[in-house]
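What follows is a set of notes on a single structure, which appears directly below.
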Amino acid sequence: MGEAYVEVTAENPADLMLAAYERAYDQGWTDGFPIIPATDSRVDEFVKASGRAADDVIGILPPRKGRVTIEVIAVNAVMAGCRAEYMPVIIAALEGLLDPGFPLELMQMTTNPMTPLLFINGPIRKELDINSGTACLGPGWRANSTIGRAIRLLLINGGSALPGVFSKVSFGSPLRYSFICGENEEENPWEPFHVGLGFKREDSTVTVFKASNYCNISGGEGVGPVETLRHIATHMPPMYGGGDGALLLLGVNHARSLHDAGLSKRDIQQAIWEFARVPVENYAKSFVETERGAGRGDERMVWRTRSPDEVFLAVGGGAGPQDLYISAGAPKTRLIER
Amino acid sequence: MIASDMFTRFARRMASTQGVPYMVIAETPNPIRDLSPDALRKRAENMMPAIHDGLTLPPAEIARRTKEIAEQQIHPRGIVRSGTPV
(Lines give C-alpha, C1' and ligand atoms only; values in the text may rest on other atoms or scores of the structure.)
Protein backbone atom coordinates (compact mmCIF):
# COMPACT_ATOMS: atom_id res chain seq x y z
CA MET A 1 0.00 0.00 0.00
CA GLY A 2 2.94 2.38 0.44
CA GLU A 3 3.74 4.83 3.17
CA ALA A 4 1.03 6.46 5.22
CA TYR A 5 2.28 10.04 4.83
CA VAL A 6 3.46 11.49 1.58
CA GLU A 7 4.52 14.94 0.52
CA VAL A 8 3.31 16.18 -2.83
CA THR A 9 4.48 19.47 -4.29
CA ALA A 10 3.62 21.40 -7.44
CA GLU A 11 3.89 24.89 -8.86
CA ASN A 12 0.20 25.67 -8.86
CA PRO A 13 -3.01 24.31 -7.26
CA ALA A 14 -4.20 22.50 -10.40
CA ASP A 15 -0.92 20.64 -10.74
CA LEU A 16 -0.98 19.87 -7.02
CA MET A 17 -4.42 18.30 -7.34
CA LEU A 18 -3.26 16.26 -10.31
CA ALA A 19 -0.09 15.15 -8.54
CA ALA A 20 -2.09 14.05 -5.49
CA TYR A 21 -4.44 12.09 -7.73
CA GLU A 22 -1.61 10.41 -9.62
CA ARG A 23 0.13 9.52 -6.38
CA ALA A 24 -3.01 8.02 -4.84
CA TYR A 25 -3.79 6.10 -8.01
CA ASP A 26 -0.28 4.65 -8.21
CA GLN A 27 -0.55 3.49 -4.62
CA GLY A 28 -3.87 1.72 -5.23
CA TRP A 29 -5.78 4.00 -2.85
CA THR A 30 -8.52 5.00 -5.29
CA ASP A 31 -11.47 3.63 -7.24
CA GLY A 32 -9.94 5.22 -10.32
CA PHE A 33 -11.51 8.65 -9.86
CA PRO A 34 -9.67 11.71 -8.55
CA ILE A 35 -9.48 12.11 -4.80
CA ILE A 36 -9.34 14.95 -2.34
CA PRO A 37 -6.00 14.85 -0.48
CA ALA A 38 -6.47 13.70 3.11
CA THR A 39 -4.45 16.37 4.89
CA ASP A 40 -4.01 16.36 8.66
CA SER A 41 -6.36 19.26 9.19
CA ARG A 42 -9.14 17.79 7.04
CA VAL A 43 -8.83 14.42 8.76
CA ASP A 44 -8.94 16.09 12.18
CA GLU A 45 -12.10 17.95 11.18
CA PHE A 46 -13.76 14.68 10.12
CA VAL A 47 -12.69 12.88 13.30
CA LYS A 48 -14.15 15.72 15.35
CA ALA A 49 -17.42 15.52 13.41
CA SER A 50 -17.72 11.85 14.32
CA GLY A 51 -17.80 12.70 18.02
CA ARG A 52 -15.41 9.84 18.71
CA ALA A 53 -11.72 9.33 19.32
CA ALA A 54 -9.44 8.95 16.31
CA ASP A 55 -8.19 5.57 17.50
CA ASP A 56 -11.60 4.05 18.26
CA VAL A 57 -11.70 0.75 16.38
CA ILE A 58 -14.95 0.13 14.51
CA GLY A 59 -13.95 -3.31 13.30
CA ILE A 60 -11.65 -5.49 11.25
CA LEU A 61 -12.20 -5.51 7.52
CA PRO A 62 -11.73 -8.73 5.55
CA PRO A 63 -9.96 -10.22 3.84
CA ARG A 64 -6.68 -8.69 5.02
CA LYS A 65 -7.94 -7.89 8.47
CA GLY A 66 -7.45 -4.14 8.28
CA ARG A 67 -8.16 -2.31 11.55
CA VAL A 68 -10.73 0.34 10.78
CA THR A 69 -10.44 3.21 13.20
CA ILE A 70 -12.32 6.50 13.13
CA GLU A 71 -9.17 8.05 11.66
CA VAL A 72 -9.05 5.48 8.85
CA ILE A 73 -12.69 6.19 8.08
CA ALA A 74 -11.96 9.93 8.10
CA VAL A 75 -9.07 9.56 5.66
CA ASN A 76 -11.18 7.62 3.19
CA ALA A 77 -14.16 9.92 3.62
CA VAL A 78 -12.00 12.95 2.87
CA MET A 79 -10.56 11.24 -0.21
CA ALA A 80 -14.07 10.34 -1.39
CA GLY A 81 -15.14 13.97 -1.30
CA CYS A 82 -17.48 13.71 1.68
CA ARG A 83 -18.47 16.53 3.99
CA ALA A 84 -17.46 16.05 7.62
CA GLU A 85 -21.09 15.73 8.73
CA TYR A 86 -21.46 12.54 6.69
CA MET A 87 -19.20 10.67 9.13
CA PRO A 88 -21.99 9.21 11.34
CA VAL A 89 -23.67 7.68 8.27
CA ILE A 90 -20.45 6.07 7.10
CA ILE A 91 -19.69 4.73 10.57
CA ALA A 92 -23.19 3.25 10.98
CA ALA A 93 -23.03 1.68 7.51
CA LEU A 94 -19.67 0.15 8.28
CA GLU A 95 -21.03 -1.28 11.52
CA GLY A 96 -23.80 -2.91 9.50
CA LEU A 97 -21.31 -4.34 7.02
CA LEU A 98 -19.27 -5.77 9.89
CA ASP A 99 -22.28 -7.55 11.40
CA PRO A 100 -21.28 -11.22 11.68
CA GLY A 101 -24.36 -12.15 9.66
CA PHE A 102 -23.36 -9.98 6.70
CA PRO A 103 -21.34 -11.82 4.01
CA LEU A 104 -18.65 -9.14 3.71
CA GLU A 105 -15.68 -11.48 3.33
CA LEU A 106 -17.44 -13.29 0.48
CA MET A 107 -18.34 -9.94 -1.07
CA GLN A 108 -14.74 -8.77 -0.96
CA MET A 109 -13.34 -11.77 -2.80
CA THR A 110 -15.97 -13.46 -4.94
CA THR A 111 -16.20 -13.51 -8.74
CA ASN A 112 -19.79 -12.24 -8.34
CA PRO A 113 -20.10 -8.44 -8.53
CA MET A 114 -22.17 -8.16 -5.34
CA THR A 115 -21.74 -4.90 -3.49
CA PRO A 116 -23.22 -3.07 -0.52
CA LEU A 117 -26.38 -1.05 -1.10
CA LEU A 118 -26.93 1.63 1.54
CA PHE A 119 -30.57 2.52 2.17
CA ILE A 120 -31.18 5.58 4.33
CA ASN A 121 -34.26 6.39 6.38
CA GLY A 122 -35.24 9.20 8.69
CA PRO A 123 -34.63 12.92 9.03
CA ILE A 124 -30.94 12.68 8.23
CA ARG A 125 -31.90 12.36 4.56
CA LYS A 126 -33.03 15.97 4.61
CA GLU A 127 -30.28 17.21 6.89
CA LEU A 128 -27.52 15.87 4.65
CA ASP A 129 -29.41 16.19 1.35
CA ILE A 130 -29.33 12.46 0.69
CA ASN A 131 -31.53 12.10 -2.35
CA SER A 132 -34.55 9.79 -2.09
CA GLY A 133 -36.66 11.24 -4.89
CA THR A 134 -36.02 11.96 -8.55
CA ALA A 135 -32.68 10.40 -9.63
CA CYS A 136 -32.11 9.06 -6.13
CA LEU A 137 -29.55 6.58 -7.42
CA GLY A 138 -27.67 9.30 -9.19
CA PRO A 139 -25.86 10.99 -10.55
CA GLY A 140 -25.98 14.49 -9.14
CA TRP A 141 -26.11 14.48 -5.35
CA ARG A 142 -22.92 14.90 -3.38
CA ALA A 143 -24.02 12.94 -0.32
CA ASN A 144 -25.19 9.96 -2.39
CA SER A 145 -22.10 10.01 -4.58
CA THR A 146 -19.51 10.38 -1.85
CA ILE A 147 -20.90 8.38 1.10
CA GLY A 148 -21.14 5.28 -1.08
CA ARG A 149 -17.72 6.06 -2.50
CA ALA A 150 -16.23 6.34 0.98
CA ILE A 151 -17.52 2.84 1.73
CA ARG A 152 -15.91 1.53 -1.45
CA LEU A 153 -12.58 3.20 -0.64
CA LEU A 154 -12.72 1.68 2.84
CA LEU A 155 -13.32 -1.77 1.35
CA ILE A 156 -10.31 -1.23 -0.91
CA ASN A 157 -7.96 0.43 1.55
CA GLY A 158 -9.14 -1.16 4.79
CA GLY A 159 -9.83 -4.65 3.47
CA SER A 160 -7.48 -4.69 0.46
CA ALA A 161 -10.18 -5.62 -2.04
CA LEU A 162 -7.86 -4.71 -4.89
CA PRO A 163 -9.21 -5.96 -8.23
CA GLY A 164 -7.33 -8.91 -9.63
CA VAL A 165 -5.31 -9.31 -6.45
CA PHE A 166 -7.61 -9.95 -3.49
CA SER A 167 -10.88 -9.42 -5.33
CA LYS A 168 -11.62 -12.05 -7.96
CA VAL A 169 -14.66 -10.26 -9.33
CA SER A 170 -15.05 -11.25 -12.99
CA PHE A 171 -16.83 -8.20 -14.38
CA GLY A 172 -17.16 -5.86 -11.45
CA SER A 173 -20.05 -3.44 -11.51
CA PRO A 174 -20.76 0.27 -11.85
CA LEU A 175 -22.75 -0.21 -8.65
CA ARG A 176 -19.43 -0.64 -6.87
CA TYR A 177 -18.56 3.04 -7.21
CA SER A 178 -21.42 4.23 -5.02
CA PHE A 179 -24.77 2.56 -4.40
CA ILE A 180 -26.91 4.48 -1.98
CA CYS A 181 -30.24 6.23 -1.78
CA GLY A 182 -32.83 7.29 0.74
CA GLU A 183 -36.39 6.08 0.97
CA ASN A 184 -38.94 8.52 -0.39
CA GLU A 185 -40.80 8.62 2.92
CA GLU A 186 -42.66 11.79 1.99
CA GLU A 187 -44.45 10.05 -0.90
CA ASN A 188 -44.67 6.63 0.71
CA PRO A 189 -48.32 5.99 1.56
CA TRP A 190 -47.38 3.26 4.02
CA GLU A 191 -45.01 3.30 6.97
CA PRO A 192 -41.32 3.89 6.15
CA PHE A 193 -39.03 0.91 5.80
CA HIS A 194 -37.24 1.50 9.12
CA VAL A 195 -40.50 1.92 11.05
CA GLY A 196 -41.49 -1.53 9.82
CA LEU A 197 -38.33 -2.81 11.48
CA GLY A 198 -39.29 -1.30 14.83
CA PHE A 199 -37.47 2.04 14.67
CA LYS A 200 -39.21 5.33 15.37
CA ARG A 201 -40.13 7.57 12.46
CA GLU A 202 -37.80 10.26 13.83
CA ASP A 203 -34.87 7.84 14.00
CA SER A 204 -32.31 7.96 11.23
CA THR A 205 -31.04 4.59 10.06
CA VAL A 206 -28.90 3.02 7.42
CA THR A 207 -29.69 -0.45 6.13
CA VAL A 208 -26.96 -2.25 4.26
CA PHE A 209 -27.97 -4.92 1.78
CA LYS A 210 -25.88 -7.44 -0.08
CA ALA A 211 -26.85 -6.37 -3.59
CA SER A 212 -25.92 -7.71 -6.98
CA ASN A 213 -28.03 -7.01 -10.03
CA TYR A 214 -30.22 -4.00 -10.76
CA CYS A 215 -33.30 -4.00 -12.93
CA ASN A 216 -35.38 -0.96 -13.72
CA ILE A 217 -38.93 -2.06 -14.47
CA SER A 218 -40.13 0.37 -17.05
CA GLY A 219 -43.46 1.12 -18.61
CA GLY A 220 -45.99 0.94 -15.85
CA GLU A 221 -47.90 -1.84 -17.63
CA GLY A 222 -50.96 -3.39 -16.05
CA VAL A 223 -54.47 -2.39 -15.15
CA GLY A 224 -55.35 -2.90 -11.52
CA PRO A 225 -53.15 -4.17 -8.71
CA VAL A 226 -52.96 -7.82 -9.77
CA GLU A 227 -51.78 -7.05 -13.30
CA THR A 228 -49.41 -4.38 -12.05
CA LEU A 229 -47.76 -6.71 -9.55
CA ARG A 230 -47.67 -9.61 -11.98
CA HIS A 231 -45.89 -7.38 -14.49
CA ILE A 232 -43.36 -6.29 -11.87
CA ALA A 233 -42.79 -9.88 -10.74
CA THR A 234 -41.97 -11.07 -14.26
CA HIS A 235 -38.79 -8.97 -13.95
CA MET A 236 -37.80 -10.81 -10.78
CA PRO A 237 -36.90 -14.33 -11.89
CA PRO A 238 -35.17 -16.82 -9.62
CA MET A 239 -31.44 -16.53 -10.09
CA TYR A 240 -28.25 -18.19 -9.01
CA GLY A 241 -26.94 -16.58 -5.84
CA GLY A 242 -30.11 -14.58 -5.34
CA GLY A 243 -31.31 -16.71 -2.51
CA ASP A 244 -31.25 -14.20 0.26
CA GLY A 245 -33.84 -11.75 -0.90
CA ALA A 246 -35.26 -9.24 -3.32
CA LEU A 247 -35.63 -5.52 -2.76
CA LEU A 248 -38.49 -3.88 -4.62
CA LEU A 249 -38.39 -0.11 -4.67
CA LEU A 250 -41.83 0.87 -5.80
CA GLY A 251 -42.01 4.12 -7.72
CA VAL A 252 -44.22 6.73 -6.13
CA ASN A 253 -46.97 6.37 -8.77
CA HIS A 254 -47.39 2.62 -8.31
CA ALA A 255 -47.06 2.98 -4.54
CA ARG A 256 -49.94 5.44 -4.55
CA SER A 257 -52.19 3.42 -6.88
CA LEU A 258 -51.58 0.14 -5.03
CA HIS A 259 -52.25 1.85 -1.72
CA ASP A 260 -55.43 3.44 -3.07
CA ALA A 261 -56.55 0.01 -4.27
CA GLY A 262 -56.46 -1.06 -0.63
CA LEU A 263 -53.27 -3.10 -0.63
CA SER A 264 -50.99 -3.20 2.39
CA LYS A 265 -47.25 -3.73 2.14
CA ARG A 266 -47.84 -7.28 3.29
CA ASP A 267 -50.34 -7.87 0.48
CA ILE A 268 -47.73 -6.75 -2.03
CA GLN A 269 -45.00 -8.93 -0.52
CA GLN A 270 -47.38 -11.89 -0.67
CA ALA A 271 -48.34 -11.21 -4.29
CA ILE A 272 -44.72 -10.79 -5.45
CA TRP A 273 -43.77 -14.00 -3.67
CA GLU A 274 -46.53 -15.84 -5.52
CA PHE A 275 -45.93 -14.26 -8.94
CA ALA A 276 -42.11 -14.27 -9.09
CA ARG A 277 -41.87 -17.91 -10.13
CA VAL A 278 -40.61 -19.65 -13.26
CA PRO A 279 -41.33 -23.21 -14.50
CA VAL A 280 -38.65 -25.75 -13.61
CA GLU A 281 -38.23 -26.61 -17.31
CA ASN A 282 -36.52 -23.24 -17.82
CA TYR A 283 -33.58 -24.13 -15.58
CA ALA A 284 -30.76 -26.63 -15.25
CA LYS A 285 -31.79 -29.58 -13.13
CA SER A 286 -29.02 -28.95 -10.62
CA PHE A 287 -30.25 -25.38 -10.08
CA VAL A 288 -33.81 -26.60 -9.57
CA GLU A 289 -32.59 -29.12 -7.01
CA THR A 290 -30.56 -26.49 -5.17
CA GLU A 291 -33.46 -24.07 -5.03
CA ARG A 292 -35.95 -26.71 -4.02
CA GLY A 293 -33.58 -27.86 -1.29
CA ALA A 294 -33.42 -24.29 -0.04
CA GLY A 295 -37.20 -24.06 0.14
CA ARG A 296 -37.58 -22.00 -3.03
CA GLY A 297 -39.61 -24.29 -5.24
CA ASP A 298 -41.99 -27.14 -5.67
CA GLU A 299 -42.51 -29.81 -8.32
CA ARG A 300 -43.52 -27.32 -11.01
CA MET A 301 -41.93 -23.98 -10.24
CA VAL A 302 -38.78 -22.30 -8.92
CA TRP A 303 -39.55 -19.35 -6.66
CA ARG A 304 -37.64 -16.08 -6.37
CA THR A 305 -37.85 -16.05 -2.58
CA ARG A 306 -38.49 -18.58 0.13
CA SER A 307 -41.26 -16.52 1.71
CA PRO A 308 -42.96 -13.11 1.45
CA ASP A 309 -40.64 -11.93 4.25
CA GLU A 310 -37.70 -12.04 1.85
CA VAL A 311 -39.37 -9.55 -0.46
CA PHE A 312 -38.11 -6.27 1.01
CA LEU A 313 -40.46 -3.47 0.07
CA ALA A 314 -39.84 0.28 0.08
CA VAL A 315 -40.67 3.36 -1.93
CA GLY A 316 -38.19 5.50 -3.81
CA GLY A 317 -37.46 7.72 -6.75
CA GLY A 318 -39.55 10.33 -8.45
CA ALA A 319 -42.74 10.38 -10.46
CA GLY A 320 -42.99 8.18 -13.52
CA PRO A 321 -43.97 4.72 -14.70
CA GLN A 322 -40.88 3.08 -13.22
CA ASP A 323 -40.14 0.62 -10.42
CA LEU A 324 -36.83 -0.83 -9.39
CA TYR A 325 -35.86 -4.36 -8.49
CA ILE A 326 -32.53 -5.05 -6.83
CA SER A 327 -31.40 -8.54 -5.99
CA ALA A 328 -30.62 -7.68 -2.39
CA GLY A 329 -30.56 -9.62 0.83
CA ALA A 330 -28.97 -9.99 4.23
CA PRO A 331 -30.16 -6.53 5.37
CA LYS A 332 -28.52 -5.11 8.49
CA THR A 333 -29.91 -1.90 9.92
CA ARG A 334 -28.08 0.47 12.21
CA LEU A 335 -29.15 3.62 13.98
CA ILE A 336 -27.21 6.67 12.82
CA GLU A 337 -26.01 8.26 16.04
CA ARG A 338 -25.08 11.93 16.13
CA MET B 1 -5.51 -27.01 0.24
CA ILE B 2 -7.10 -28.18 -2.98
CA ALA B 3 -7.75 -25.62 -5.72
CA SER B 4 -8.07 -25.35 -9.48
CA ASP B 5 -5.08 -23.65 -11.09
CA MET B 6 -6.93 -20.38 -11.78
CA PHE B 7 -7.40 -19.98 -8.06
CA THR B 8 -4.06 -21.22 -6.72
CA ARG B 9 -2.45 -17.83 -6.08
CA PHE B 10 -5.68 -16.44 -4.79
CA ALA B 11 -6.07 -19.44 -2.50
CA ARG B 12 -2.66 -18.87 -0.96
CA ARG B 13 -3.42 -15.18 -0.56
CA MET B 14 -6.64 -16.03 1.26
CA ALA B 15 -4.85 -18.59 3.41
CA SER B 16 -2.32 -15.93 4.35
CA THR B 17 -5.12 -13.72 5.69
CA GLN B 18 -5.94 -16.58 8.04
CA GLY B 19 -2.30 -16.85 9.17
CA VAL B 20 -1.35 -19.84 7.02
CA PRO B 21 0.83 -18.56 4.17
CA TYR B 22 2.88 -21.72 3.79
CA MET B 23 0.98 -24.78 2.76
CA VAL B 24 0.96 -27.39 0.08
CA ILE B 25 -1.63 -26.65 -2.57
CA ALA B 26 -2.85 -29.56 -4.65
CA GLU B 27 -3.95 -28.04 -7.93
CA THR B 28 -5.82 -29.19 -11.00
CA PRO B 29 -6.63 -27.37 -14.24
CA ASN B 30 -9.73 -25.20 -14.25
CA PRO B 31 -12.63 -25.74 -14.89
CA ILE B 32 -13.85 -28.76 -12.99
CA ARG B 33 -17.51 -27.89 -12.66
CA ASP B 34 -18.62 -29.68 -15.81
CA LEU B 35 -16.48 -32.83 -15.43
CA SER B 36 -18.07 -36.27 -15.36
CA PRO B 37 -17.59 -38.31 -12.17
CA ASP B 38 -14.97 -40.49 -13.91
CA ALA B 39 -12.96 -37.52 -15.17
CA LEU B 40 -13.17 -35.92 -11.76
CA ARG B 41 -11.86 -39.10 -10.12
CA LYS B 42 -8.85 -39.08 -12.46
CA ARG B 43 -8.12 -35.49 -11.50
CA ALA B 44 -8.32 -36.38 -7.83
CA GLU B 45 -5.94 -39.29 -8.27
CA ASN B 46 -3.40 -37.02 -9.97
CA MET B 47 -3.48 -34.70 -6.98
CA MET B 48 -2.87 -37.45 -4.44
CA PRO B 49 0.94 -36.99 -4.15
CA ALA B 50 0.51 -33.31 -3.28
CA ILE B 51 -2.28 -34.10 -0.85
CA HIS B 52 -0.05 -36.75 0.75
CA ASP B 53 2.76 -34.22 1.12
CA GLY B 54 0.42 -31.71 2.69
CA LEU B 55 -0.81 -34.19 5.21
CA THR B 56 2.50 -35.79 6.15
CA LEU B 57 5.38 -33.32 5.78
CA PRO B 58 6.51 -31.41 8.88
CA PRO B 59 5.39 -27.74 8.84
CA ALA B 60 9.01 -26.54 8.70
CA GLU B 61 9.65 -28.55 5.57
CA ILE B 62 6.45 -27.24 3.94
CA ALA B 63 7.52 -23.68 4.82
CA ARG B 64 10.98 -24.30 3.35
CA ARG B 65 9.55 -25.66 0.10
CA THR B 66 6.91 -22.96 -0.34
CA LYS B 67 8.58 -19.86 1.11
CA GLU B 68 9.68 -18.28 -2.14
CA ILE B 69 6.59 -19.04 -4.15
CA ALA B 70 4.36 -17.93 -1.28
CA GLU B 71 6.04 -14.56 -1.10
CA GLN B 72 5.48 -13.89 -4.78
CA GLN B 73 1.94 -15.23 -4.76
CA ILE B 74 0.84 -13.20 -1.75
CA HIS B 75 2.56 -9.91 -2.61
CA PRO B 76 3.25 -9.98 -6.35
CA ARG B 77 6.07 -7.52 -6.92
CA GLY B 78 5.09 -4.26 -8.54
CA ILE B 79 1.37 -5.06 -8.67
CA VAL B 80 -1.26 -2.78 -7.17
CA ARG B 81 -4.30 -3.82 -9.22
CA SER B 82 -4.57 -5.94 -12.30
CA GLY B 83 -7.07 -6.56 -15.07
CA THR B 84 -5.70 -10.06 -15.30
CA PRO B 85 -5.87 -11.94 -12.02
CA VAL B 86 -2.35 -12.24 -10.60
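Scheme for the C-alpha coordinates: letters A, B, ... for chains in order shown; per-chain residue numbers from 1; ligand numbers from 1 in order shown.
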
With a cut-off of 6 Å and counting only C-alpha atoms, select all residues of chain A in contact with chain B and give the selection as a PyMOL selection string.
-> chain A and resi 28+64+162-165

Among the residues of chain B, find those DSSP assigns to alpha helix (DSSP H) from the backbone and print them as a VMD selection string.
-> chain B and resid 8 to 17 37 to 56 59 to 74

Residues at most 6 Å from stretch 117-132 of chain A, counting only C-alpha atoms, excluding those fewer than 3 positions away in the same chain, as a ChimeraX atom specification?
-> /A:136,143-144,179-184,202-209,211,316-317

Hey, can you spit out that residue selection with N, CA and C atoms as a PDB file, in the first residue's frame?
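Output (result_28.pdb):
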```pdb
ATOM      1  N   CYS A 136     -32.697   9.343  -7.443  1.00  0.00           N
ATOM      2  CA  CYS A 136     -32.107   9.058  -6.126  1.00  0.00           C
ATOM      3  C   CYS A 136     -30.869   8.163  -6.207  1.00  0.00           C
ATOM      4  N   ALA A 143     -23.979  13.903  -1.424  1.00  0.00           N
ATOM      5  CA  ALA A 143     -24.021  12.938  -0.317  1.00  0.00           C
ATOM      6  C   ALA A 143     -24.133  11.518  -0.855  1.00  0.00           C
ATOM      7  N   ASN A 144     -25.035  11.300  -1.824  1.00  0.00           N
ATOM      8  CA  ASN A 144     -25.189   9.959  -2.385  1.00  0.00           C
ATOM      9  C   ASN A 144     -23.890   9.497  -3.055  1.00  0.00           C
ATOM     10  N   PHE A 179     -23.439   3.132  -4.237  1.00  0.00           N
ATOM     11  CA  PHE A 179     -24.770   2.558  -4.404  1.00  0.00           C
ATOM     12  C   PHE A 179     -25.551   2.888  -3.144  1.00  0.00           C
ATOM     13  N   ILE A 180     -26.252   3.981  -3.180  1.00  0.00           N
ATOM     14  CA  ILE A 180     -26.912   4.484  -1.980  1.00  0.00           C
ATOM     15  C   ILE A 180     -28.079   5.378  -2.374  1.00  0.00           C
ATOM     16  N   CYS A 181     -29.152   5.262  -1.643  1.00  0.00           N
ATOM     17  CA  CYS A 181     -30.243   6.230  -1.783  1.00  0.00           C
ATOM     18  C   CYS A 181     -31.047   6.245  -0.488  1.00  0.00           C
ATOM     19  N   GLY A 182     -31.911   7.246  -0.380  1.00  0.00           N
ATOM     20  CA  GLY A 182     -32.831   7.290   0.743  1.00  0.00           C
ATOM     21  C   GLY A 182     -34.177   6.733   0.326  1.00  0.00           C
ATOM     22  N   GLU A 183     -35.017   6.448   1.308  1.00  0.00           N
ATOM     23  CA  GLU A 183     -36.390   6.082   0.969  1.00  0.00           C
ATOM     24  C   GLU A 183     -37.202   7.368   0.795  1.00  0.00           C
ATOM     25  N   ASN A 184     -38.068   7.370  -0.185  1.00  0.00           N
ATOM     26  CA  ASN A 184     -38.941   8.524  -0.390  1.00  0.00           C
ATOM     27  C   ASN A 184     -40.099   8.421   0.611  1.00  0.00           C
ATOM     28  N   GLU A 202     -38.798   9.186  13.715  1.00  0.00           N
ATOM     29  CA  GLU A 202     -37.803  10.261  13.828  1.00  0.00           C
ATOM     30  C   GLU A 202     -36.366   9.732  13.965  1.00  0.00           C
ATOM     31  N   ASP A 203     -36.220   8.413  14.029  1.00  0.00           N
ATOM     32  CA  ASP A 203     -34.865   7.842  14.002  1.00  0.00           C
ATOM     33  C   ASP A 203     -34.300   7.950  12.587  1.00  0.00           C
ATOM     34  N   SER A 204     -32.985   8.064  12.525  1.00  0.00           N
ATOM     35  CA  SER A 204     -32.308   7.963  11.235  1.00  0.00           C
ATOM     36  C   SER A 204     -31.534   6.650  11.214  1.00  0.00           C
ATOM     37  N   THR A 205     -31.686   5.910  10.137  1.00  0.00           N
ATOM     38  CA  THR A 205     -31.041   4.593  10.055  1.00  0.00           C
ATOM     39  C   THR A 205     -30.385   4.409   8.696  1.00  0.00           C
ATOM     40  N   VAL A 206     -29.445   3.498   8.691  1.00  0.00           N
ATOM     41  CA  VAL A 206     -28.902   3.021   7.418  1.00  0.00           C
ATOM     42  C   VAL A 206     -29.060   1.504   7.411  1.00  0.00           C
ATOM     43  N   THR A 207     -29.598   0.995   6.315  1.00  0.00           N
ATOM     44  CA  THR A 207     -29.694  -0.451   6.131  1.00  0.00           C
ATOM     45  C   THR A 207     -28.733  -0.834   5.023  1.00  0.00           C
ATOM     46  N   VAL A 208     -27.858  -1.783   5.308  1.00  0.00           N
ATOM     47  CA  VAL A 208     -26.957  -2.251   4.256  1.00  0.00           C
ATOM     48  C   VAL A 208     -27.488  -3.581   3.734  1.00  0.00           C
ATOM     49  N   PHE A 209     -27.560  -3.680   2.439  1.00  0.00           N
ATOM     50  CA  PHE A 209     -27.969  -4.921   1.777  1.00  0.00           C
ATOM     51  C   PHE A 209     -26.778  -5.495   1.024  1.00  0.00           C
ATOM     52  N   ALA A 211     -26.125  -6.580  -2.333  1.00  0.00           N
ATOM     53  CA  ALA A 211     -26.848  -6.368  -3.591  1.00  0.00           C
ATOM     54  C   ALA A 211     -26.002  -6.823  -4.775  1.00  0.00           C
ATOM     55  N   GLY A 316     -39.294   4.590  -3.486  1.00  0.00           N
ATOM     56  CA  GLY A 316     -38.191   5.496  -3.809  1.00  0.00           C
ATOM     57  C   GLY A 316     -38.377   6.150  -5.158  1.00  0.00           C
ATOM     58  N   GLY A 317     -37.476   7.082  -5.455  1.00  0.00           N
ATOM     59  CA  GLY A 317     -37.461   7.723  -6.754  1.00  0.00           C
ATOM     60  C   GLY A 317     -38.532   8.783  -6.922  1.00  0.00           C
TER      61      GLY A 317
END
```

Would you mind reading off the distance between atom CA of A:Thr111 and atom CA of A:Lys168, one decimal, in Å?
-> 4.9 Å

DSSP-assigned strand (DSSP E or B) members of stretch 87-248 of chain A, reported as a list in words | Thr115, Pro116, Leu117, Leu118, Phe119, Ile120, Asn121, Pro163, Ser167, Ile180, Cys181, Gly182, Thr205, Val206, Thr207, Val208, Phe209, Lys210, Ala211, Ser212, Asn213, Tyr214, Cys215, Asn216, Ile217, Ser218, Ala246, Leu247 and Leu248 of chain A

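Distances here use only C-alpha atoms; by that measure, the residue among A:Ser212, A:Gln269, A:Asn157, A:Asn12 closest to A:Lys65 is A:Asn157.
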
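In this model, the gap between atom CA of B:Val24 and atom CA of A:Pro103 comes to 27.5 Å.
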
So that I can see what lies close to A:Val278, please list as a PDB file with N, CA and C atoms, in the first residue's frame the residues with an atom at most 9 Å from it, counting only C-alpha atoms and leaving out residues fewer than 5 positions away in the same chain.
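And here's around_16.pdb as it stands now:
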```pdb
ATOM      1  N   THR A 234     -42.602 -10.382 -13.131  1.00  0.00           N
ATOM      2  CA  THR A 234     -41.969 -11.072 -14.262  1.00  0.00           C
ATOM      3  C   THR A 234     -40.524 -10.613 -14.455  1.00  0.00           C
ATOM      4  N   PRO A 237     -36.983 -12.875 -11.802  1.00  0.00           N
ATOM      5  CA  PRO A 237     -36.904 -14.333 -11.891  1.00  0.00           C
ATOM      6  C   PRO A 237     -35.955 -14.910 -10.847  1.00  0.00           C
ATOM      7  N   PRO A 238     -36.161 -16.166 -10.481  1.00  0.00           N
ATOM      8  CA  PRO A 238     -35.170 -16.823  -9.622  1.00  0.00           C
ATOM      9  C   PRO A 238     -33.810 -16.779 -10.296  1.00  0.00           C
ATOM     10  N   TYR A 283     -34.867 -24.171 -16.284  1.00  0.00           N
ATOM     11  CA  TYR A 283     -33.584 -24.134 -15.580  1.00  0.00           C
ATOM     12  C   TYR A 283     -32.834 -25.465 -15.671  1.00  0.00           C
ATOM     13  N   ARG A 300     -43.301 -27.978  -9.718  1.00  0.00           N
ATOM     14  CA  ARG A 300     -43.515 -27.315 -11.007  1.00  0.00           C
ATOM     15  C   ARG A 300     -42.708 -26.038 -11.198  1.00  0.00           C
ATOM     16  N   MET A 301     -42.475 -25.327 -10.106  1.00  0.00           N
ATOM     17  CA  MET A 301     -41.927 -23.977 -10.243  1.00  0.00           C
ATOM     18  C   MET A 301     -40.718 -23.745  -9.334  1.00  0.00           C
ATOM     19  N   VAL A 302     -39.844 -22.827  -9.788  1.00  0.00           N
ATOM     20  CA  VAL A 302     -38.781 -22.299  -8.924  1.00  0.00           C
ATOM     21  C   VAL A 302     -39.226 -20.911  -8.490  1.00  0.00           C
ATOM     22  N   TRP A 303     -39.065 -20.616  -7.204  1.00  0.00           N
ATOM     23  CA  TRP A 303     -39.552 -19.350  -6.662  1.00  0.00           C
ATOM     24  C   TRP A 303     -38.390 -18.379  -6.470  1.00  0.00           C
ATOM     25  N   ARG A 304     -38.686 -17.084  -6.593  1.00  0.00           N
ATOM     26  CA  ARG A 304     -37.638 -16.084  -6.367  1.00  0.00           C
ATOM     27  C   ARG A 304     -37.218 -16.032  -4.898  1.00  0.00           C
TER      28      ARG A 304
END
```

In Å to one decimal, how far is atom CA of A:Met239 from atom CA of A:Pro279?
->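 Computed distance, atom CA of A:Pro279 to atom CA of A:Met239, equals 12.7 Å.
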
All residues 10 Å or closer to B:Glu71, only C-alpha atoms, same chain fewer than 5 positions away omitted, as a list of chain:residue names =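 These residues fall inside the cut-off: B:Arg12, B:Arg13, B:Pro21, B:Tyr22, B:Thr66, B:Pro76, B:Arg77.
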
So which residues touch A:Thr228 within 12 Å, counting only C-alpha atoms, skipping near sequence neighbours fewer than 3 positions away, as a ChimeraX atom specification?
-> /A:217-225,231-235,250,253-255,257-258,261,268,271-272,275,321-323

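Counting only C-alpha atoms and comparing B:Ala60, B:Ala50, B:Glu45, B:Ala3, the residue that lies closest to B:Glu27 is B:Ala3.
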